[in-house]
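Everything below concerns the one structure shown next.
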Amino acid sequence: MIISARATPAGDMQVYSEVAQLLDRRAALKHPPFSLTVSDSVALGIARMFRSRSLSGEVLDRFAAGGSVDSDELVEAARFEQDFASPEGYAALRCLVLWVHNRTHRSEQRTRVE
């Protein structure tokens with residue numbers, strides 16, 4: 001499924017602040033809902049932080065630039081980058097994966113209704 005976000009990428013401080021708040025909120029719930037995720041601007045900011053010339057980095061770069069990417073490619077790229085990230089970066093990339101899952105879940109729900 002092709003996904004995109006139309007927002008201005010958040011800066012590093014906003015990314016880490018929102019990621020920390022989100023993870024605290026999710027940890028407080030036994031079964032956090034799909035909808036409890038980062039904002040579009042933070043999702044773009046996370047991708048921007050991890051863009052590079054590697055294959056996974058290029059997927060993140062396309063997404064961060066406001067382009068459309070395949071959701072599976074974006075999840076795969078984020079998970080690959082987690083292997084090399086700091087603990088904070090790992091958490092941010094996990095939040096990006098959760099954002100993608102929320103987007104695909106919402107789209108599937110809309111498709112079922114139609």
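All residue names refer to the structure tokens as shown: chains lettered A, B, ... in order, residues numbered from 1 in each chain, ligands numbered from 1 in order.
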### Task
Give the strand (DSSP E) residues of chain A, as assigned by DSSP on the backbone, as a list of chain:residue names.
A:Ile2, A:Ile3, A:Val69, A:Asp70
Now that the selection is made, can you save its residues with N, CA and C atoms as a short mmCIF file (atom, residue, chain, number, x, y, z; two decimals), in the first residue's frame?
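Generated file (result_35.cif):
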```cif
data_model
loop_
_atom_site.label_atom_id
_atom_site.label_comp_id
_atom_site.auth_asym_id
_atom_site.auth_seq_id
_atom_site.Cartn_x
_atom_site.Cartn_y
_atom_site.Cartn_z
N ILE A 2 0.55 2.21 -0.81
CA ILE A 2 1.31 3.44 -0.91
C ILE A 2 0.80 4.43 0.14
N ILE A 3 1.74 5.00 0.90
CA ILE A 3 1.37 5.99 1.92
C ILE A 3 2.24 7.23 1.76
N VAL A 69 5.60 6.41 -0.58
CA VAL A 69 6.39 5.18 -0.54
C VAL A 69 5.49 4.02 -0.19
N ASP A 70 5.96 2.85 -0.52
CA ASP A 70 5.23 1.64 -0.16
C ASP A 70 5.35 1.42 1.35
#
```
#### Entry: Residue nearest A:His101 among A:Glu58, A:Glu81, A:Asp72, A:Glu88 (counting only C-alpha atoms)
A:Asp72
### Query
Which residues, written as a list of chain:residue names, have at least one atom at most 6 Å from stretch 6-13 of chain A, with only C-alpha atoms counted and residues fewer than 2 positions away on the same chain left out?
A:Val15, A:Tyr16, A:Ser41, A:Val42, A:Leu44, A:Gly45
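You will find atom CA of A:Ser56 at 7.0 Å from atom CA of A:Phe80.
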### Task
Find the spatial neighbours of A:Gly66, counting only C-alpha atoms, within a cut-off of 7 Å - ignore same-chain residues fewer than 4 positions away - and output them as a ChimeraX atom specification.
/A:4-6,62
Write the residues of the selection above to a file with C-alpha atoms, as a PDB file, in the first residue's frame.
```
ATOM      1  CA  SER A   4       2.465   9.588   2.299  1.00  0.00           C
ATOM      2  CA  ALA A   5       2.212  12.409   4.804  1.00  0.00           C
ATOM      3  CA  ARG A   6       1.590  16.036   3.933  1.00  0.00           C
ATOM      4  CA  ARG A  62      11.812   9.783  -0.235  1.00  0.00           C
TER       5      ARG A  62
END
```
### Query
Which one is closest to A:Leu93: A:Arg53, A:Ala64, A:Leu74, A:Ile46? Count only C-alpha atoms.
A:Ile46
